[in-house]
Structures are given as structure tokens and as C-alpha cells.
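Below is one structure, written out as C-alpha cells, with a few remarks after it.
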Amino acid sequence: MRSLGLTLLAGASMLATACASNPPPEPTPPPVVAEAPRVAPTPPTPLPTTPVPTGPAAGSKGDFAAKSTDRVYFDYDQYNLDDADRRSLATQVSWLKQFPSTRVEVQGHADERGTRDYNIALGDRRAQAVSQYLQSQGITATRIQTISFGKDKPLDLGHDEAAWARNRNSYSNIIVEAIS
């Protein structure tokens, strides 16, 4: 039995010596995987955007002022429309036809010369001349109202011919806008 024990001891010793002379195996590197070429990511397709409107809202007082001539001027002591006035009023007609729910107040003005009553009457004739022209171009009378300020609301506070020329006018003021 002793020889069996020695044999086992010798075998274990040889095994230990054999293990000590054989280094442990080196770890295997992970397999090399070929990388696909890098491609820049495709940006997401932008959602369609609605253009942001600039300027005044369509159908507003500001839109009217931007797209038409809101004032016509008259000669001294006159209320008749000349060709230049009718061309100016054509822009108003076009705009008013585009926005049929709008209403306009045509204001008649005069310069400071003359009596208050005379200038109120002259301002009224100027406002009526513009109103009648708008109606002759297809704008219904129910959309137009007139008022005369005579010399009471001057555009220019000066007291010379240049100021008086600016104050002899008819002003179209949008009183009901087409915007909601």
C-alpha cells in the first residue's frame, strides 16, 4: 500500500511539475469584425411649414393703408375729382371689392380759411364726391358713410399754402375691418 501511495504521490508530483512547465494558454482575442463604413446620419425630413405672414393682416386698416391710397386732395374751394384722384380711388375700389365685408367712412376736410359752416359744407361735398365715385365703381352705398370735419381736424397745423393744400382732402377710414 505504501507503494501505491508513493506512486500516487509521484504521479501528483509529476502532474504538478508538468503543469508548472506548461504556461497557461494565452487568452484568445475576440474575433475581428469588419466595421461597415461610417455614413453621416440622414437628417430628418423637415415638416412643411406655413409661411409666417409679415405686415398687416389682410382686410385690416393697416392692410388698406398699405395697399391703397386712403386720401385724395382738392384744389382751393373745389370738390370735383380729377383724373389723378380717380386713379388713387381705383386702389380703394380694388381693395374694397376684395374685402366685401368692410365698411368705410369717407371724411371731408377743408383748410382754415372761410367760416366754420362754409367749410363743413365744403368738406361734406368732398366726402360725397368720393362716396359717389366709389358707388359708381360697384361699392354699395350701405358700406359707405360720410362725415365732414370742415376745418376742425386739420392734417397740418401750419398756416401757409402748403399746409392748406394738405388740409383740403377727403380721407377714407376703414371702420369695419374684414379680419376676425
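The way I read the labels, and the way they are meant: chains A, B, ... in the order of the C-alpha cells, residue 1 as the first residue of every chain, and ligand 1 as the first ligand shown, with later ones counted on from there.
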Contacts of segment 74-87 of chain A within 6 Å, only C-alpha atoms, excl. fewer than 4 positions in-chain, as a PDB file with N, CA and C atoms, in the first residue's frame:
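Output contents, as saved in selection.pdb:
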```pdb
ATOM      1  N   ARG A 126     -66.972 117.264 -50.570  1.00  0.00           N
ATOM      2  CA  ARG A 126     -65.776 116.464 -50.902  1.00  0.00           C
ATOM      3  C   ARG A 126     -65.987 115.000 -50.522  1.00  0.00           C
ATOM      4  N   ARG A 168     -56.928 120.282 -47.456  1.00  0.00           N
ATOM      5  CA  ARG A 168     -58.067 120.175 -48.383  1.00  0.00           C
ATOM      6  C   ARG A 168     -58.099 118.759 -48.928  1.00  0.00           C
ATOM      7  N   ASN A 169     -58.717 117.845 -48.174  1.00  0.00           N
ATOM      8  CA  ASN A 169     -58.677 116.439 -48.582  1.00  0.00           C
ATOM      9  C   ASN A 169     -59.930 115.694 -48.179  1.00  0.00           C
TER      10      ASN A 169
END
```
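Look at segment 51-56 of chain A: the protein and nucleic acid residues within 12 Å of it, using only C-alpha atoms and passing over chain neighbours fewer than 3 places away, are Pro48, Gly59, Ser60, Lys61, Gly62, Asp63, Phe64, Ala65, Ala66, Lys67, Glu177 and Ile179 of chain A.
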*For atom CA of Ser170 of chain A and atom CA of Asp70 of chain A, the interatomic separation in Å (one decimal)*: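 Straight-line distance from atom CA of Ser170 of chain A to atom CA of Asp70 of chain A works out to 8.3 Å.
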*Just asking: which residues within segment 46-128 of chain A are helix (DSSP H, G or I) according to DSSP, as JSON, numbers by chain?*
{"A": [61, 62, 63, 64, 65, 66, 67, 83, 84, 85, 86, 87, 88, 89, 90, 91, 92, 93, 94, 95, 96, 97, 98, 116, 117, 118, 119, 120, 121, 122, 123, 124, 125, 126, 127, 128]}
Any chance you can output those residues with N, CA and C atoms as a tab-separated table (two decimals), in the first residue's frame?
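Now in result_28.tsv:
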```
chain	number	residue	atom	x	y	z
A	61	LYS	N	-57.22	97.71	-41.30
A	61	LYS	CA	-56.97	99.12	-41.63
A	61	LYS	C	-55.55	99.29	-42.16
A	62	GLY	N	-54.61	98.61	-41.50
A	62	GLY	CA	-53.21	98.70	-41.93
A	62	GLY	C	-53.02	98.15	-43.33
A	63	ASP	N	-53.73	97.08	-43.65
A	63	ASP	CA	-53.65	96.50	-44.98
A	63	ASP	C	-54.21	97.48	-46.02
A	64	PHE	N	-55.31	98.13	-45.68
A	64	PHE	CA	-55.90	99.12	-46.57
A	64	PHE	C	-54.91	100.26	-46.82
A	65	ALA	N	-54.31	100.76	-45.75
A	65	ALA	CA	-53.35	101.87	-45.88
A	65	ALA	C	-52.12	101.45	-46.69
A	66	ALA	N	-51.69	100.19	-46.54
A	66	ALA	CA	-50.50	99.71	-47.25
A	66	ALA	C	-50.77	99.46	-48.73
A	67	LYS	N	-52.00	99.09	-49.07
A	67	LYS	CA	-52.28	98.67	-50.44
A	67	LYS	C	-53.10	99.68	-51.26
A	83	ASP	N	-58.55	113.34	-62.75
A	83	ASP	CA	-58.07	112.01	-63.17
A	83	ASP	C	-57.12	111.40	-62.14
A	84	ALA	N	-56.25	112.20	-61.55
A	84	ALA	CA	-55.32	111.68	-60.53
A	84	ALA	C	-56.09	111.16	-59.31
A	85	ASP	N	-57.15	111.86	-58.93
A	85	ASP	CA	-57.98	111.42	-57.80
A	85	ASP	C	-58.65	110.09	-58.11
A	86	ARG	N	-59.18	109.97	-59.34
A	86	ARG	CA	-59.85	108.72	-59.72
A	86	ARG	C	-58.86	107.55	-59.77
A	87	ARG	N	-57.63	107.81	-60.20
A	87	ARG	CA	-56.61	106.74	-60.19
A	87	ARG	C	-56.31	106.32	-58.75
A	88	SER	N	-56.22	107.29	-57.86
A	88	SER	CA	-55.99	106.98	-56.45
A	88	SER	C	-57.15	106.19	-55.87
A	89	LEU	N	-58.35	106.61	-56.21
A	89	LEU	CA	-59.54	105.93	-55.68
A	89	LEU	C	-59.70	104.53	-56.28
A	90	ALA	N	-59.13	104.30	-57.46
A	90	ALA	CA	-59.20	102.95	-58.06
A	90	ALA	C	-58.54	101.92	-57.14
A	91	THR	N	-57.48	102.31	-56.42
A	91	THR	CA	-56.84	101.36	-55.49
A	91	THR	C	-57.77	101.06	-54.32
A	92	GLN	N	-58.54	102.07	-53.89
A	92	GLN	CA	-59.53	101.83	-52.83
A	92	GLN	C	-60.62	100.89	-53.31
A	93	VAL	N	-61.11	101.14	-54.52
A	93	VAL	CA	-62.17	100.30	-55.09
A	93	VAL	C	-61.70	98.85	-55.16
A	94	SER	N	-60.51	98.65	-55.66
A	94	SER	CA	-59.97	97.29	-55.77
A	94	SER	C	-59.90	96.61	-54.40
A	95	TRP	N	-59.39	97.32	-53.42
A	95	TRP	CA	-59.27	96.75	-52.08
A	95	TRP	C	-60.64	96.49	-51.48
A	96	LEU	N	-61.55	97.44	-51.61
A	96	LEU	CA	-62.89	97.26	-51.04
A	96	LEU	C	-63.64	96.10	-51.70
A	97	LYS	N	-63.41	95.87	-52.98
A	97	LYS	CA	-64.03	94.72	-53.66
A	97	LYS	C	-63.43	93.41	-53.17
A	98	GLN	N	-62.17	93.43	-52.83
A	98	GLN	CA	-61.52	92.22	-52.33
A	98	GLN	C	-62.03	91.84	-50.94
A	116	ARG	N	-66.67	128.46	-40.39
A	116	ARG	CA	-66.83	127.06	-39.98
A	116	ARG	C	-67.96	126.41	-40.78
A	117	ASP	N	-69.09	127.05	-40.89
A	117	ASP	CA	-70.23	126.48	-41.61
A	117	ASP	C	-69.91	126.25	-43.09
A	118	TYR	N	-69.24	127.22	-43.71
A	118	TYR	CA	-68.88	127.05	-45.12
A	118	TYR	C	-67.96	125.84	-45.29
A	119	ASN	N	-66.98	125.69	-44.42
A	119	ASN	CA	-66.04	124.59	-44.53
A	119	ASN	C	-66.67	123.24	-44.20
A	120	ILE	N	-67.63	123.21	-43.30
A	120	ILE	CA	-68.37	121.96	-43.04
A	120	ILE	C	-69.11	121.55	-44.32
A	121	ALA	N	-69.76	122.49	-44.97
A	121	ALA	CA	-70.49	122.19	-46.22
A	121	ALA	C	-69.52	121.76	-47.32
A	122	LEU	N	-68.36	122.43	-47.43
A	122	LEU	CA	-67.37	122.06	-48.45
A	122	LEU	C	-66.79	120.67	-48.17
A	123	GLY	N	-66.49	120.40	-46.91
A	123	GLY	CA	-65.99	119.07	-46.55
A	123	GLY	C	-67.01	117.99	-46.87
A	124	ASP	N	-68.29	118.29	-46.65
A	124	ASP	CA	-69.35	117.33	-46.98
A	124	ASP	C	-69.41	117.07	-48.48
A	125	ARG	N	-69.30	118.13	-49.29
A	125	ARG	CA	-69.32	117.94	-50.75
A	125	ARG	C	-68.12	117.09	-51.19
A	126	ARG	N	-66.97	117.26	-50.57
A	126	ARG	CA	-65.78	116.46	-50.90
A	126	ARG	C	-65.99	115.00	-50.52
A	127	ALA	N	-66.54	114.77	-49.35
A	127	ALA	CA	-66.80	113.38	-48.92
A	127	ALA	C	-67.85	112.73	-49.84
A	128	GLN	N	-68.88	113.48	-50.21
A	128	GLN	CA	-69.92	112.96	-51.10
A	128	GLN	C	-69.35	112.64	-52.48
```
*Can you list, as a ChimeraX atom specification, every protein, DNA or RNA residue that comes within 8 Å of Arg143 of chain A when you count only C-alpha atoms, leaving out same-chain residues fewer than 6 positions away?*
/A:102-104
What does the file look like for those residues with N, CA and C atoms, as a PDB file, in the first residue's frame?
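For reference, result-v3.pdb as written:
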```pdb
ATOM      1  N   THR A 102     -66.027  94.825 -45.426  1.00  0.00           N
ATOM      2  CA  THR A 102     -65.518  96.059 -44.817  1.00  0.00           C
ATOM      3  C   THR A 102     -66.482  97.215 -45.042  1.00  0.00           C
ATOM      4  N   ARG A 103     -66.383  98.184 -44.148  1.00  0.00           N
ATOM      5  CA  ARG A 103     -67.151  99.418 -44.293  1.00  0.00           C
ATOM      6  C   ARG A 103     -66.184 100.578 -44.157  1.00  0.00           C
ATOM      7  N   VAL A 104     -66.484 101.650 -44.870  1.00  0.00           N
ATOM      8  CA  VAL A 104     -65.584 102.797 -44.909  1.00  0.00           C
ATOM      9  C   VAL A 104     -66.336 104.070 -44.537  1.00  0.00           C
TER      10      VAL A 104
END
```
_strand (DSSP E) residues, from DSSP on the backbone, in segment 1-175 of chain A, as a PyMOL selection string_ = chain A and resi 71-73+103-109+144-150+169-175
Since we have the selection now, will you write its residues out, keeping N, CA and C atoms, as a compact mmCIF listing (two decimals), in the first residue's frame?
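Contents of part36.txt, freshly written:
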```txt
# COMPACT_ATOMS: atom_id res chain seq x y z
N ARG A 71 -56.26 108.81 -49.20
CA ARG A 71 -56.57 110.24 -49.16
C ARG A 71 -56.44 110.84 -50.55
N VAL A 72 -57.40 111.70 -50.92
CA VAL A 72 -57.30 112.47 -52.15
C VAL A 72 -57.35 113.95 -51.77
N TYR A 73 -56.69 114.76 -52.58
CA TYR A 73 -56.56 116.20 -52.29
C TYR A 73 -57.32 117.03 -53.32
N ARG A 103 -66.38 98.18 -44.15
CA ARG A 103 -67.15 99.42 -44.29
C ARG A 103 -66.18 100.58 -44.16
N VAL A 104 -66.48 101.65 -44.87
CA VAL A 104 -65.58 102.80 -44.91
C VAL A 104 -66.34 104.07 -44.54
N GLU A 105 -65.65 104.93 -43.81
CA GLU A 105 -66.15 106.27 -43.50
C GLU A 105 -65.32 107.24 -44.31
N VAL A 106 -65.98 107.98 -45.20
CA VAL A 106 -65.29 108.98 -46.01
C VAL A 106 -65.43 110.32 -45.30
N GLN A 107 -64.27 110.87 -44.91
CA GLN A 107 -64.23 112.12 -44.16
C GLN A 107 -63.84 113.27 -45.08
N GLY A 108 -64.61 114.35 -45.05
CA GLY A 108 -64.29 115.53 -45.84
C GLY A 108 -63.62 116.58 -44.97
N HIS A 109 -62.55 117.18 -45.48
CA HIS A 109 -61.80 118.20 -44.73
C HIS A 109 -61.57 119.43 -45.59
N ILE A 144 -70.70 102.52 -47.15
CA ILE A 144 -70.03 103.82 -47.12
C ILE A 144 -70.84 104.79 -46.27
N GLN A 145 -70.18 105.45 -45.37
CA GLN A 145 -70.81 106.57 -44.67
C GLN A 145 -69.90 107.78 -44.81
N THR A 146 -70.48 108.95 -44.78
CA THR A 146 -69.70 110.18 -44.95
C THR A 146 -69.85 111.07 -43.72
N ILE A 147 -68.83 111.86 -43.51
CA ILE A 147 -68.84 112.84 -42.43
C ILE A 147 -67.94 113.99 -42.85
N SER A 148 -68.30 115.20 -42.44
CA SER A 148 -67.47 116.37 -42.74
C SER A 148 -66.91 116.93 -41.44
N PHE A 149 -65.61 117.19 -41.44
CA PHE A 149 -64.98 117.85 -40.31
C PHE A 149 -64.63 119.30 -40.64
N GLY A 150 -64.87 119.68 -41.89
CA GLY A 150 -64.57 121.05 -42.28
C GLY A 150 -63.12 121.37 -41.95
N ASN A 169 -58.72 117.85 -48.17
CA ASN A 169 -58.68 116.44 -48.58
C ASN A 169 -59.93 115.69 -48.18
N SER A 170 -59.99 114.49 -48.70
CA SER A 170 -61.00 113.53 -48.28
C SER A 170 -60.24 112.28 -47.87
N TYR A 171 -60.54 111.79 -46.68
CA TYR A 171 -59.83 110.64 -46.10
C TYR A 171 -60.78 109.48 -45.97
N SER A 172 -60.37 108.31 -46.47
CA SER A 172 -61.19 107.10 -46.35
C SER A 172 -60.68 106.29 -45.17
N ASN A 173 -61.52 106.14 -44.18
CA ASN A 173 -61.17 105.46 -42.94
C ASN A 173 -61.96 104.15 -42.84
N ILE A 174 -61.27 103.04 -42.74
CA ILE A 174 -61.94 101.75 -42.60
C ILE A 174 -62.52 101.68 -41.18
N ILE A 175 -63.84 101.51 -41.08
CA ILE A 175 -64.46 101.46 -39.76
C ILE A 175 -64.91 100.05 -39.38
```
*Report the distance between atom CA of Ser131 of chain A and atom CA of Arg166 of chain A in Å, rounded to one decimal place.*
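Those two atoms sit 19.8 Å apart.
Residue nearest Asn167 of chain A within the list A:Pro25, A:Pro154, A:Pro30, A:Pro41: A:Pro154 [criterion: smallest interatomic distance, only C-alpha atoms].
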